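Engineer: I have a structure I would like to understand better, so I am pasting it below and will then ask my questions one at a time.
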Amino acid sequence: MFENRSSRYTGGQELAFAALRIFFGVIWVINTVLEANKVYVDHFLGSIVARVKGQPYLVQTVLHEVIHIVTMLGPRHVAIGTVVLDGLLAASLLTGFALRPMARLGIIYSLFLWATVGGLGGPYTPGATDPGTAIVYALVFFAVLSVPSERRLALGPESEPAVNTGRIEAVRILFGLLWAFDAFWKWQPGFFEHSLTYMQQSEVGQPAWIVTYIGLVISAIHLTGPLTFGIFAAAIETILAISLLLKRWQQWFLPIGFLYSFGVWTTAEGWGGPYHFGSTGNRGDMLGTANIYMVVYLYLMVAYLFERRLHKRMQ
């Protein structure tokens with residue numbers, strides 16, 4: 001009886017993580033489709049050059065070297081190469097084929113984008129707080145690696161748990177550090193002074209219903225006061241960071257963090273829009289950043305839920 005329950009427990013967690021992996025794969029499919037267009041390929045080098053301005057000297061130096069290498073290899077060839085790589089990553093996530101080596105490649109690829117084209121998430125102008133999208137993509141790929149391969153799971157419930165506890169804990173801590181970094185910038189005067197800027201900018205080029213929705217949120221913030229809103233955002237992000245780093249109050253702040261990320265995505269990021277050719281989610285230009293935060297929260301919530309159920313069973 002206990003073995004049957006353990007098998008159902010492992011199988012349920014495996015299915016939940018598989019669903020999250022496929023969902024992440026759908027995001028990569030969208031990235032790939034958006035990149036596989038002439039506008040993106042033709043402006044590939046120009047998009048990198050545009051990132052140089054305003055970056056710290058070290059980042060500018062790295063970007064100039066990247067531009068030199070891309071020029072030597074041929075911008076069109078490199079652009080097509082990124083499309084092919086994204087397609088392979090998407091296929092692996094959707095099918096589970098060669099998942100572990102491809103997930104490792106996804107980590108390296110995402111961190112490379114973050115450190116070069118993403119400019120380490122900068123430049124950090126007054127009011128800006130985003131550490132970059134590509135680094136969060138890397139974190140999701142790491143979460144994918146926290147789930148054992150299907151071959152090992154097939155050996156039975158006692159062969160290996162449905163999640164690598166050490167790796168999922170590392171995801172939680174790294175995610176907490178990202179939130180702490182974001183919260184630090186939220187407490188700067190520049191954010192309080194420009195707390196509504198991103199929402200107002202996100203209305204540009206959007207469909208009417210998104211403009212109306214964001215406008216209602218902006219009106220509500222005006223009622224409470226932009227400063228009050230800024231302090232609230234800084235405080236909630238600080239609490240989210242503390243909860244993740246200390247592994248406390250997770251039953252409350254994992255879902256709250258998910259909902260908060262959804263709120264950021266639908267307002268300051270305008271549901272990831274406007275959607276036009278030449279944009280790509282690889283660097284946060286298309287689907288936004290906070291939706292990837294939501295994926296990380298889903299991984300942590302699934303891990304927490306099954307860990308709590310297993311703990312109750314063993315009592």
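A note on labels: chains of the structure tokens are A, B, ... as shown, every chain counts residues from 1, and ligands are counted from 1 in their shown order.
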Got a sec: who's within 8 Å of Ala143 (chain A), counting only C-alpha atoms, leaving out chain neighbours fewer than 5 positions off, as JSON, numbers by chain?

Structural biologist: {"A": [167, 168, 171, 296, 299]}

Engineer: Quick one: everything within 12 Å of Thr82 (chain A), counting only C-alpha atoms, minus sequence neighbours fewer than 5 positions away in the same chain. Send it as a ChimeraX atom specification.

Structural biologist: /A:28,31-36,40-41,44,70,75-77,87-89,106,109-110,113,280,282

Engineer: Keeping N, CA and C atoms for every residue in the selection just given, could you write it to a file as a PDB file, in the first residue's frame?

Structural biologist:
ATOM      1  N   TRP A  28       9.544  28.979 -25.777  1.00  0.00           N
ATOM      2  CA  TRP A  28      10.677  28.938 -26.692  1.00  0.00           C
ATOM      3  C   TRP A  28      10.222  28.786 -28.136  1.00  0.00           C
ATOM      4  N   ASN A  31       9.478  32.243 -29.167  1.00  0.00           N
ATOM      5  CA  ASN A  31      10.739  32.940 -29.437  1.00  0.00           C
ATOM      6  C   ASN A  31      11.283  32.576 -30.809  1.00  0.00           C
ATOM      7  N   THR A  32      11.268  31.270 -31.108  1.00  0.00           N
ATOM      8  CA  THR A  32      11.829  30.795 -32.373  1.00  0.00           C
ATOM      9  C   THR A  32      11.050  31.323 -33.568  1.00  0.00           C
ATOM     10  N   VAL A  33       9.726  31.285 -33.471  1.00  0.00           N
ATOM     11  CA  VAL A  33       8.884  31.763 -34.571  1.00  0.00           C
ATOM     12  C   VAL A  33       9.129  33.248 -34.823  1.00  0.00           C
ATOM     13  N   LEU A  34       9.279  34.015 -33.749  1.00  0.00           N
ATOM     14  CA  LEU A  34       9.501  35.457 -33.890  1.00  0.00           C
ATOM     15  C   LEU A  34      10.867  35.767 -34.479  1.00  0.00           C
ATOM     16  N   GLU A  35      11.846  34.900 -34.178  1.00  0.00           N
ATOM     17  CA  GLU A  35      13.170  35.126 -34.733  1.00  0.00           C
ATOM     18  C   GLU A  35      13.264  34.711 -36.200  1.00  0.00           C
ATOM     19  N   ALA A  36      12.437  33.764 -36.587  1.00  0.00           N
ATOM     20  CA  ALA A  36      12.523  33.232 -37.958  1.00  0.00           C
ATOM     21  C   ALA A  36      11.802  34.147 -38.939  1.00  0.00           C
ATOM     22  N   TYR A  40      14.101  40.310 -38.227  1.00  0.00           N
ATOM     23  CA  TYR A  40      15.018  39.970 -37.133  1.00  0.00           C
ATOM     24  C   TYR A  40      16.401  39.650 -37.674  1.00  0.00           C
ATOM     25  N   VAL A  41      16.461  38.833 -38.720  1.00  0.00           N
ATOM     26  CA  VAL A  41      17.746  38.424 -39.283  1.00  0.00           C
ATOM     27  C   VAL A  41      18.501  39.623 -39.839  1.00  0.00           C
ATOM     28  N   PHE A  44      19.868  41.926 -36.989  1.00  0.00           N
ATOM     29  CA  PHE A  44      20.493  41.222 -35.862  1.00  0.00           C
ATOM     30  C   PHE A  44      21.695  41.993 -35.317  1.00  0.00           C
ATOM     31  N   VAL A  70      30.777  38.642 -34.486  1.00  0.00           N
ATOM     32  CA  VAL A  70      29.582  38.477 -35.319  1.00  0.00           C
ATOM     33  C   VAL A  70      29.849  38.998 -36.727  1.00  0.00           C
ATOM     34  N   PRO A  75      26.743  38.441 -39.821  1.00  0.00           N
ATOM     35  CA  PRO A  75      25.549  38.636 -38.987  1.00  0.00           C
ATOM     36  C   PRO A  75      24.386  37.735 -39.377  1.00  0.00           C
ATOM     37  N   ARG A  76      24.175  37.547 -40.669  1.00  0.00           N
ATOM     38  CA  ARG A  76      23.060  36.718 -41.114  1.00  0.00           C
ATOM     39  C   ARG A  76      23.252  35.261 -40.686  1.00  0.00           C
ATOM     40  N   HIS A  77      24.472  34.766 -40.816  1.00  0.00           N
ATOM     41  CA  HIS A  77      24.748  33.387 -40.423  1.00  0.00           C
ATOM     42  C   HIS A  77      24.545  33.200 -38.915  1.00  0.00           C
ATOM     43  N   GLY A  87      15.223  26.752 -31.839  1.00  0.00           N
ATOM     44  CA  GLY A  87      14.317  25.695 -32.278  1.00  0.00           C
ATOM     45  C   GLY A  87      14.674  24.361 -31.651  1.00  0.00           C
ATOM     46  N   LEU A  88      15.967  24.057 -31.531  1.00  0.00           N
ATOM     47  CA  LEU A  88      16.396  22.806 -30.909  1.00  0.00           C
ATOM     48  C   LEU A  88      16.047  22.790 -29.419  1.00  0.00           C
ATOM     49  N   LEU A  89      16.231  23.919 -28.752  1.00  0.00           N
ATOM     50  CA  LEU A  89      15.873  24.012 -27.334  1.00  0.00           C
ATOM     51  C   LEU A  89      14.372  23.817 -27.145  1.00  0.00           C
ATOM     52  N   GLY A 106      21.060  25.307 -22.662  1.00  0.00           N
ATOM     53  CA  GLY A 106      20.174  26.449 -22.470  1.00  0.00           C
ATOM     54  C   GLY A 106      20.668  27.385 -21.382  1.00  0.00           C
ATOM     55  N   TYR A 109      23.702  29.234 -22.913  1.00  0.00           N
ATOM     56  CA  TYR A 109      23.218  30.161 -23.941  1.00  0.00           C
ATOM     57  C   TYR A 109      22.542  31.375 -23.314  1.00  0.00           C
ATOM     58  N   SER A 110      21.690  31.133 -22.317  1.00  0.00           N
ATOM     59  CA  SER A 110      20.973  32.236 -21.665  1.00  0.00           C
ATOM     60  C   SER A 110      21.936  33.151 -20.923  1.00  0.00           C
ATOM     61  N   LEU A 113      23.768  35.310 -23.407  1.00  0.00           N
ATOM     62  CA  LEU A 113      22.934  36.425 -23.852  1.00  0.00           C
ATOM     63  C   LEU A 113      22.860  37.511 -22.783  1.00  0.00           C
ATOM     64  N   THR A 280      12.107  39.644 -29.999  1.00  0.00           N
ATOM     65  CA  THR A 280      12.295  38.265 -29.565  1.00  0.00           C
ATOM     66  C   THR A 280      12.319  38.168 -28.055  1.00  0.00           C
ATOM     67  N   ASN A 282      13.997  36.272 -26.266  1.00  0.00           N
ATOM     68  CA  ASN A 282      15.290  35.889 -25.696  1.00  0.00           C
ATOM     69  C   ASN A 282      15.856  36.953 -24.771  1.00  0.00           C
TER      70      ASN A 282
END

Engineer: Set the distance at 6 Å and use only C-alpha atoms: which residues neighbour region 176-184 of chain A once local chain neighbours fewer than 5 positions away are removed? I'd like the list as a list in words.

Structural biologist: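 Contacts, with the query itself left out: Thr129, Ala234, Glu237, Thr238, Ala241, Leu244 and Leu245 of chain A.
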
Engineer: Could you state the separation of CA of Thr267 (chain A) and CA of Ile214 (chain A) in Å, given to one decimal place?

Structural biologist: 5.6 Å

Engineer: Do a neighbour search on Phe229 (chain A) at 12 Å with only C-alpha atoms, toss out local chain neighbours closer than 2 positions, and write the hits as a PyMOL selection string.

Structural biologist: chain A and resi 186-187+191-196+217-227+231-236

Engineer: What does the file look like for those residues with N, CA and C atoms, as a compact mmCIF listing (two decimals), in the first residue's frame?

Structural biologist:
# COMPACT_ATOMS: atom_id res chain seq x y z
N LYS A 186 14.58 48.94 -6.12
CA LYS A 186 13.26 49.52 -5.87
C LYS A 186 13.31 50.55 -4.74
N TRP A 187 14.23 50.38 -3.79
CA TRP A 187 14.32 51.30 -2.66
C TRP A 187 15.09 52.58 -3.01
N PHE A 191 13.45 55.09 -8.39
CA PHE A 191 12.26 54.30 -8.65
C PHE A 191 11.03 55.00 -8.11
N PHE A 192 11.12 55.57 -6.91
CA PHE A 192 9.97 56.29 -6.34
C PHE A 192 9.55 57.45 -7.24
N GLU A 193 10.54 58.10 -7.85
CA GLU A 193 10.23 59.24 -8.71
C GLU A 193 9.65 58.81 -10.06
N HIS A 194 9.97 57.58 -10.49
CA HIS A 194 9.54 57.13 -11.81
C HIS A 194 8.70 55.86 -11.73
N SER A 195 8.02 55.66 -10.61
CA SER A 195 7.32 54.39 -10.40
C SER A 195 6.19 54.15 -11.40
N LEU A 196 5.65 55.23 -11.97
CA LEU A 196 4.57 55.08 -12.95
C LEU A 196 5.06 55.15 -14.40
N VAL A 217 -5.38 50.81 -13.79
CA VAL A 217 -4.38 50.57 -12.74
C VAL A 217 -3.66 51.87 -12.39
N ILE A 218 -3.30 52.65 -13.40
CA ILE A 218 -2.62 53.92 -13.16
C ILE A 218 -3.53 54.86 -12.37
N SER A 219 -4.82 54.89 -12.70
CA SER A 219 -5.76 55.74 -11.96
C SER A 219 -5.84 55.32 -10.50
N ALA A 220 -5.84 54.01 -10.25
CA ALA A 220 -5.90 53.52 -8.88
C ALA A 220 -4.64 53.91 -8.11
N ILE A 221 -3.50 53.89 -8.77
CA ILE A 221 -2.25 54.27 -8.12
C ILE A 221 -2.24 55.75 -7.79
N HIS A 222 -2.81 56.55 -8.69
CA HIS A 222 -2.89 58.00 -8.43
C HIS A 222 -3.74 58.27 -7.19
N LEU A 223 -4.75 57.45 -6.95
CA LEU A 223 -5.60 57.64 -5.77
C LEU A 223 -4.82 57.42 -4.48
N THR A 224 -3.93 56.42 -4.48
CA THR A 224 -3.14 56.13 -3.28
C THR A 224 -1.88 56.97 -3.22
N GLY A 225 -1.42 57.42 -4.39
CA GLY A 225 -0.20 58.21 -4.45
C GLY A 225 0.94 57.38 -5.00
N PRO A 226 1.67 57.92 -5.99
CA PRO A 226 2.79 57.18 -6.57
C PRO A 226 3.85 56.77 -5.55
N LEU A 227 4.11 57.62 -4.55
CA LEU A 227 5.10 57.29 -3.54
C LEU A 227 4.66 56.08 -2.72
N ILE A 231 6.67 52.53 -2.47
CA ILE A 231 7.06 51.90 -1.21
C ILE A 231 6.46 50.51 -1.10
N PHE A 232 5.21 50.35 -1.53
CA PHE A 232 4.57 49.03 -1.51
C PHE A 232 5.33 48.04 -2.38
N ALA A 233 5.68 48.45 -3.61
CA ALA A 233 6.41 47.55 -4.51
C ALA A 233 7.76 47.17 -3.92
N ALA A 234 8.47 48.15 -3.36
CA ALA A 234 9.77 47.85 -2.76
C ALA A 234 9.63 46.92 -1.56
N ALA A 235 8.59 47.15 -0.74
CA ALA A 235 8.39 46.33 0.46
C ALA A 235 8.01 44.90 0.09
N ILE A 236 7.08 44.72 -0.85
CA ILE A 236 6.63 43.37 -1.21
C ILE A 236 7.77 42.59 -1.84

Engineer: Which residue, A:Met199, A:Leu216, A:Ala50, A:Val29, has the smallest gap to Leu63 (chain A) when you use only C-alpha atoms?

Structural biologist: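 For Leu63 (chain A), the nearest of the given residues is A:Ala50.
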
Engineer: Which is closest to Glu14 (chain A) among A:Gly122, A:Gly96, A:Pro148, A:Gly273, if we use only C-alpha atoms?

Structural biologist: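 Selected residue with least distance to Glu14 (chain A): A:Pro148.
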
Engineer: Have a look at CA of Phe24 (chain A) and CA of Pro101 (chain A) and let me know their distance in Å, one decimal.

Structural biologist: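 So the answer is 16.3 Å.
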
Engineer: From the list A:Leu298, A:Ile239, A:Ala90, A:Val136, which residue is nearest Gly118 (chain A) when using only C-alpha atoms?

Structural biologist: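 Closest to Gly118 (chain A) of all the choices is A:Val136.
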
Engineer: Point out the residue among A:Leu254, A:Ala91, A:Val147, A:Val52 with the least atom-to-atom distance to Val295 (chain A), counting only C-alpha atoms.

Structural biologist: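 Among A:Leu254, A:Ala91, A:Val147, A:Val52, it is A:Leu254 that comes nearest to Val295 (chain A).
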
Engineer: Find the residues near Leu94 (chain A): any atom within 12 Å, counting only C-alpha atoms, skip ones fewer than 6 places away on the same chain, and give them as a list in words.

Structural biologist: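 Residues near the query, excluding close chain neighbours: Ala18, Ala19, Leu20, Arg21, Ile22, Phe23, Phe24, Gly25, Val26, Ile27, Trp28, Val29, Gly87, Leu88, Met102, Ala103 and Val144 of chain A.
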